[in-house]
file protein_11.cif (mmCIF, C-alpha atoms)
data_model
loop_
_atom_site.label_atom_id
_atom_site.label_comp_id
_atom_site.auth_asym_id
_atom_site.auth_seq_id
_atom_site.Cartn_x
_atom_site.Cartn_y
_atom_site.Cartn_z
CA MET A 115 0.00 0.00 0.00
CA HIS A 116 1.24 3.50 -0.87
CA SER A 117 1.55 6.03 1.93
CA VAL A 118 0.59 9.71 1.82
CA ARG A 119 3.41 12.04 0.81
CA PHE A 120 2.63 15.70 1.51
CA THR A 121 4.19 18.08 -1.01
CA ALA A 122 2.93 21.59 -0.14
CA GLU A 123 1.01 23.39 2.57
CA THR A 124 -0.78 26.72 2.91
CA SER A 125 -3.37 28.04 5.34
CA SER A 126 -5.97 30.79 5.46
CA ASP A 127 -9.04 31.64 7.54
CA GLY A 128 -8.32 28.83 9.97
CA VAL A 129 -8.10 26.06 7.36
CA VAL A 130 -4.90 24.32 6.25
CA GLU A 131 -4.64 23.11 2.64
CA ARG A 132 -2.13 20.33 2.01
CA ASP A 133 -1.25 18.90 -1.39
CA PHE A 134 -0.27 15.24 -1.38
CA LEU A 135 0.55 12.23 -3.49
CA VAL A 136 -0.54 8.64 -2.95
CA GLY A 137 1.71 6.84 -5.39
CA GLU A 138 1.07 8.81 -8.59
CA ILE A 139 -2.36 10.05 -7.50
CA PRO A 140 -2.36 13.82 -6.79
CA GLY A 141 -4.72 15.01 -4.09
CA VAL A 142 -5.45 17.83 -1.69
CA LEU A 143 -6.59 17.78 1.93
CA TRP A 144 -8.35 20.59 3.80
CA ALA A 145 -8.66 20.58 7.58
CA PRO A 146 -9.10 23.09 10.40
CA VAL A 147 -5.76 24.37 11.68
CA THR A 148 -6.85 23.53 15.22
CA GLY A 149 -9.06 20.59 14.31
CA ALA A 150 -9.51 17.48 16.41
CA ASP A 151 -7.82 14.21 15.50
CA HIS A 152 -9.94 11.45 13.95
CA ALA A 153 -12.48 13.93 12.57
CA PRO A 154 -14.92 12.68 9.91
CA ILE A 155 -13.61 12.59 6.34
CA VAL A 156 -15.57 13.99 3.41
CA LEU A 157 -14.55 12.90 -0.10
CA LEU A 158 -15.26 15.35 -2.94
CA GLY A 159 -15.40 14.43 -6.62
CA HIS A 160 -14.96 16.96 -9.43
CA ASN A 161 -16.77 17.44 -12.71
CA GLY A 162 -15.48 16.26 -16.08
CA GLY A 163 -12.77 18.47 -17.54
CA MET A 164 -12.05 20.02 -14.14
CA HIS A 165 -9.57 19.24 -11.35
CA ARG A 166 -9.24 18.69 -7.62
CA LYS A 167 -9.01 22.44 -6.87
CA ALA A 168 -11.81 23.66 -9.13
CA PRO A 169 -13.15 26.90 -7.60
CA GLY A 170 -16.60 25.60 -6.67
CA LEU A 171 -15.23 22.39 -5.19
CA ARG A 172 -12.56 24.25 -3.21
CA ALA A 173 -15.14 26.69 -1.85
CA ARG A 174 -17.30 23.80 -0.60
CA ALA A 175 -14.25 22.12 0.91
CA LEU A 176 -13.19 25.25 2.80
CA HIS A 177 -16.72 25.80 4.07
CA THR A 178 -17.08 22.18 5.22
CA ALA A 179 -13.72 22.17 7.00
CA ALA A 180 -14.26 25.54 8.67
CA THR A 181 -17.91 25.02 9.63
CA TRP A 182 -17.95 21.42 10.76
CA GLY A 183 -14.31 20.68 11.59
CA PHE A 184 -14.13 17.87 9.03
CA THR A 185 -11.19 16.67 6.97
CA VAL A 186 -12.06 17.16 3.29
CA VAL A 187 -10.23 15.39 0.47
CA ALA A 188 -10.21 15.60 -3.33
CA ILE A 189 -8.10 13.81 -5.93
CA ASP A 190 -7.67 14.29 -9.66
CA ALA A 191 -9.58 11.73 -11.69
CA PRO A 192 -7.62 9.80 -14.34
CA GLY A 193 -6.79 12.07 -17.28
CA HIS A 194 -7.73 15.23 -15.35
CA GLY A 195 -5.89 17.98 -13.51
CA ASP A 196 -2.23 17.04 -13.13
CA ARG A 197 -2.78 13.54 -14.50
CA PRO A 198 -1.42 12.61 -17.96
CA ARG A 199 -3.94 12.24 -20.78
CA THR A 200 -3.94 9.35 -23.21
CA ASP A 201 -4.82 9.60 -26.88
CA GLU A 202 -8.14 7.96 -25.97
CA ASP A 203 -8.77 10.71 -23.39
CA GLU A 204 -8.18 13.43 -25.97
CA GLN A 205 -10.43 11.72 -28.51
CA ALA A 206 -13.22 11.37 -25.93
CA ARG A 207 -12.93 15.04 -24.95
CA LEU A 208 -13.13 16.03 -28.63
CA GLU A 209 -16.27 13.92 -29.10
CA ILE A 210 -17.89 15.51 -26.04
CA ARG A 211 -16.98 19.04 -27.17
CA ASP A 212 -18.35 18.38 -30.65
CA ALA A 213 -21.62 17.08 -29.20
CA VAL A 214 -21.92 20.14 -26.95
CA THR A 215 -21.27 22.50 -29.87
CA ALA A 216 -23.87 20.71 -31.98
CA GLY A 217 -26.38 20.67 -29.13
CA ASP A 218 -26.78 16.93 -29.67
CA THR A 219 -27.86 15.46 -26.33
CA GLN A 220 -27.80 11.88 -27.57
CA ARG A 221 -24.22 12.17 -28.81
CA PHE A 222 -23.23 13.90 -25.57
CA ALA A 223 -24.72 11.12 -23.46
CA ALA A 224 -23.10 8.41 -25.56
CA ALA A 225 -19.67 10.05 -25.57
CA SER A 226 -19.80 10.85 -21.85
CA THR A 227 -20.84 7.31 -21.01
CA ARG A 228 -17.97 5.83 -23.06
CA PHE A 229 -15.51 8.26 -21.48
CA MET A 230 -16.60 7.35 -17.94
CA ALA A 231 -16.56 3.63 -18.67
CA SER A 232 -12.95 3.90 -19.83
CA PHE A 233 -11.65 4.85 -16.37
CA ALA A 234 -14.45 4.35 -13.84
CA GLU A 235 -12.98 1.19 -12.33
CA GLN A 236 -9.57 2.85 -12.04
CA ALA A 237 -11.07 5.95 -10.39
CA VAL A 238 -12.88 3.89 -7.76
CA SER A 239 -9.73 1.88 -7.04
CA GLU A 240 -7.71 5.10 -6.65
CA TRP A 241 -10.24 6.61 -4.25
CA ARG A 242 -10.14 3.47 -2.10
CA ALA A 243 -6.32 3.45 -2.11
CA THR A 244 -6.32 7.13 -1.11
CA LEU A 245 -8.72 6.45 1.75
CA ASP A 246 -6.57 3.53 2.92
CA ALA A 247 -3.49 5.75 2.95
CA LEU A 248 -5.22 8.61 4.75
CA GLN A 249 -6.65 6.37 7.44
CA ALA A 250 -3.14 5.07 8.11
CA LEU A 251 -2.21 8.57 9.31
CA PRO A 252 -2.36 8.77 13.13
CA GLN A 253 -4.28 12.06 13.07
CA ILE A 254 -7.02 10.49 10.94
CA GLY A 255 -7.06 6.83 11.94
CA PRO A 256 -9.02 3.83 10.68
CA ASP A 257 -12.22 4.66 12.56
CA ALA A 258 -12.82 8.15 11.15
CA PRO A 259 -16.37 8.27 9.70
CA VAL A 260 -16.45 8.77 5.93
CA GLY A 261 -18.95 10.53 3.67
CA TYR A 262 -19.06 11.39 -0.01
CA GLY A 263 -19.69 15.11 -0.28
CA GLY A 264 -20.68 15.47 -3.86
CA GLY A 265 -19.54 16.16 -7.33
CA ILE A 266 -21.43 17.26 -10.38
CA ALA A 267 -22.01 14.89 -13.30
CA MET A 268 -18.71 12.96 -13.55
CA GLY A 269 -18.15 13.39 -9.81
CA THR A 270 -21.49 11.70 -9.27
CA ALA A 271 -20.90 8.97 -11.85
CA ILE A 272 -17.69 8.03 -10.01
CA GLY A 273 -19.18 8.68 -6.57
CA VAL A 274 -22.12 6.35 -7.11
CA ARG A 275 -19.79 3.53 -8.09
CA LEU A 276 -17.48 4.32 -5.17
CA THR A 277 -20.27 4.49 -2.59
CA ALA A 278 -21.66 1.17 -3.80
CA ALA A 279 -18.23 -0.46 -3.48
CA GLU A 280 -16.95 1.19 -0.29
CA PRO A 281 -18.56 0.16 3.03
CA ARG A 282 -16.71 2.91 4.90
CA ILE A 283 -18.93 5.56 3.25
CA THR A 284 -21.99 6.02 5.46
CA ALA A 285 -23.73 8.98 3.75
CA ALA A 286 -23.48 10.62 0.34
CA ILE A 287 -24.40 13.78 -1.53
CA PHE A 288 -24.62 13.55 -5.32
CA GLY A 289 -25.47 16.17 -7.89
CA GLY A 290 -26.03 16.87 -11.54
CA ALA A 291 -27.88 15.22 -14.38
CA VAL A 292 -25.83 12.16 -15.26
CA PRO A 293 -26.11 10.07 -18.43
CA VAL A 294 -27.12 6.76 -16.89
CA ASP A 295 -26.20 3.34 -18.18
CA GLU A 296 -26.64 -0.10 -16.67
CA PRO A 297 -23.41 -0.03 -14.59
CA VAL A 298 -24.45 3.24 -12.91
CA ILE A 299 -28.01 2.06 -12.25
CA THR A 300 -26.70 -1.27 -10.93
CA ALA A 301 -24.36 0.56 -8.54
CA ALA A 302 -27.16 2.87 -7.39
CA ARG A 303 -29.34 -0.10 -6.53
CA GLN A 304 -26.62 -1.31 -4.16
CA ILE A 305 -26.54 1.95 -2.20
CA THR A 306 -28.47 1.86 1.07
CA VAL A 307 -26.81 4.72 2.98
CA PRO A 308 -28.62 8.07 3.33
CA VAL A 309 -28.45 10.12 0.11
CA GLN A 310 -29.11 13.71 -0.93
CA PHE A 311 -29.38 14.32 -4.65
CA LEU A 312 -29.24 17.75 -6.30
CA LEU A 313 -30.74 17.95 -9.78
CA PRO A 314 -30.28 20.91 -12.15
CA TRP A 315 -33.71 21.13 -13.75
CA ASP A 316 -32.62 22.83 -16.98
CA ASP A 317 -29.53 20.83 -17.94
CA GLU A 318 -29.12 21.37 -21.67
CA HIS A 319 -26.96 18.28 -22.25
CA VAL A 320 -28.64 15.58 -20.18
CA ASP A 321 -32.39 15.09 -19.95
CA ARG A 322 -33.66 15.40 -16.38
CA SER A 323 -35.25 11.97 -16.73
CA SER A 324 -31.74 10.49 -16.38
CA GLY A 325 -31.30 12.19 -13.02
CA LEU A 326 -34.75 11.07 -11.90
CA ALA A 327 -34.00 7.48 -12.95
CA LEU A 328 -30.77 7.54 -10.96
CA PHE A 329 -32.51 8.90 -7.87
CA ASP A 330 -35.23 6.28 -8.19
CA ALA A 331 -32.59 3.51 -8.34
CA PHE A 332 -31.02 4.33 -4.96
CA ALA A 333 -32.05 1.66 -2.45
CA SER A 334 -31.63 4.03 0.49
CA ALA A 335 -34.44 4.24 3.03
CA GLU A 336 -33.49 7.89 3.50
CA LYS A 337 -33.05 9.81 0.27
CA THR A 338 -34.11 13.30 -0.77
CA LEU A 339 -34.23 14.99 -4.16
CA HIS A 340 -33.57 18.73 -4.46
CA ALA A 341 -34.30 20.30 -7.85
CA ASN A 342 -33.35 23.88 -8.74
CA PRO A 343 -33.31 25.90 -11.95
CA GLY A 344 -29.88 25.63 -13.51
CA ASP A 345 -28.01 24.34 -16.54
CA HIS A 346 -25.15 21.86 -16.79
CA ARG A 347 -22.51 24.32 -15.55
CA THR A 348 -24.44 26.53 -13.14
CA VAL A 349 -25.80 24.06 -10.63
CA ARG A 350 -27.20 25.87 -7.60
CA TRP A 351 -26.28 24.21 -4.31
CA VAL A 352 -29.30 25.60 -2.47
CA GLY A 353 -32.11 23.94 -0.62
CA LEU A 354 -29.95 21.12 0.69
CA ASP A 355 -29.98 20.00 4.31
CA GLU A 356 -26.72 21.61 5.44
CA ALA A 357 -26.59 19.36 8.52
CA PHE A 358 -26.98 16.17 6.46
CA LEU A 359 -23.35 15.02 6.59
CA PRO A 360 -22.68 16.23 10.16
CA ARG A 361 -25.78 14.37 11.33
CA HIS A 362 -24.83 11.09 9.66
CA LEU A 363 -21.09 11.26 10.31
CA SER A 364 -21.40 12.16 13.98
CA ARG A 365 -20.15 9.62 16.50
CA VAL A 366 -22.81 10.66 18.99
#
call {"tool": "encode", "arguments": {"input": "protein_11.cif", "output": "structure tokens"}}
result
Amino acid sequence: MHSVRFTAETSSDGVVERDFLVGEIPGVLWAPVTGADHAPIVLLGHNGGMHRKAPGLRARALHTAATWGFTVVAIDAPGHGDRPRTDEDEQARLEIRDAVTAGDTQRFAAASTRFMASFAEQAVSEWRATLDALQALPQIGPDAPVGYGGGIAMGTAIGVRLTAAEPRITAAIFGGAVPVDEPVITAARQITVPVQFLLPWDDEHVDRSSGLALFDAFASAEKTLHANPGDHRTVRWVGLDEAFLPRHLSRV
């Protein structure tokens, strides 16, 4: 098992931001400067074409760490951020861009689904390896509660698979209209932990019926759907239960 190697550190407004590597996987950890050891961990996924420090993701991470005292973690998905891209990655990105330009939702869904399928298994494996390495740190420990704190579109497509495969995750927030295929629906049907799902009602690339089908597939006894006006890029994180993760990750 690879260990965590920290490579840079900054702090502001009471939160420390630490870049790290687990093997070749680049990640970033946010935590309160004076936070308690063994605090809950929140894993954040990023959208397609973005990276582990995308502005919206980083803002949510800083807020979560500062408000609730949690440790928040993000890693670059394969072919994203500081990760090398293969020829297949570049071809998939070109297909997705062409579909967006043409306004062809069917082509977008097909290209996005193929792109995700090409590295989904790797992404889940990397998240689990990262969690293993983090929980080996004495300040985090193996008993720290774990939640998935959301990602839009690709972050959800990976997060659903990860949550289905990872018993350490005890609550999850997903978001975005996601092109659904049988592997995603199958994974959703295996999820029984509490779920919040945020759906942009006006996504121009993915029909909202895909998001509704995904929500319907979750086997969770506790699940809530929050729909707001918004397109594929301007998802509004409003109306959610802000105490959802603290409530489910609390040791009390």
call {"tool": "residues_around", "arguments": {"input": "protein_11.cif", "residues": "Asp246 of chain A", "least_positions_apart": "5", "cutoff": "9 Å", "atoms": "only C-alpha atoms", "output": "list in words"}}
result
Met115, His116, Ser117, Trp241 and Pro256 of chain A
call {"tool": "resolve_selection", "arguments": {"input": "protein_11.cif", "expression": "the PyMOL selection byres ((chain A and resi 181) around 12)", "output": "ChimeraX atom specification"}}
result
/A:127-129,145-146,149,173-180,182-186,356-357,359-360
call {"tool": "closest_residue", "arguments": {"input": "protein_11.cif", "among": "A:Ala231, A:Val307, A:Ala150, A:Val214", "to": "Ala278 of chain A", "atoms": "all atoms listed in the file"}}
result
A:Val307
call {"tool": "residues_around", "arguments": {"input": "protein_11.cif", "residues": "Thr277 of chain A", "least_positions_apart": "6", "cutoff": "8 Å", "atoms": "all atoms listed in the file", "output": "ChimeraX atom specification"}}
result
/A:262,283,286,305
call {"tool": "resolve_selection", "arguments": {"input": "protein_11.cif", "expression": "the PyMOL selection byres ((chain A and resi 338-344) around 10)", "output": "number ranges by chain"}}
result
A: 287-290, 308-318, 322, 325-326, 329-330, 334-337, 345-355
call {"tool": "atom_distance", "arguments": {"input": "protein_11.cif", "atom1": "atom CA of Leu143 of chain A", "atom2": "atom CA of Arg207 of chain A"}}
result
27.8 Å
call {"tool": "residues_around", "arguments": {"input": "protein_11.cif", "residues": "Gly141 of chain A", "least_positions_apart": "4", "cutoff": "10 Å", "atoms": "only C-alpha atoms", "output": "MDAnalysis selection string"}}
result
chainID A and resid 118:121 132:136 165:167 187:191 195:196 244
call {"tool": "residues_near_point", "arguments": {"input": "protein_11.cif", "point": "(-8.4, 9.4, -26.2)", "cutoff": "12 Å", "atoms": "all atoms listed in the file", "output": "list in words"}}
result
Pro192, Gly193, Pro198, Arg199, Thr200, Asp201, Glu202, Asp203, Glu204, Gln205, Ala206, Arg207, Leu208, Glu209, Ile210, Ala225, Arg228, Phe229, Met230, Ser232 and Phe233 of chain A
call {"tool": "atom_distance", "arguments": {"input": "protein_11.cif", "atom1": "atom CA of Gly261 of chain A", "atom2": "atom CA of Thr284 of chain A"}}
result
5.7 Å
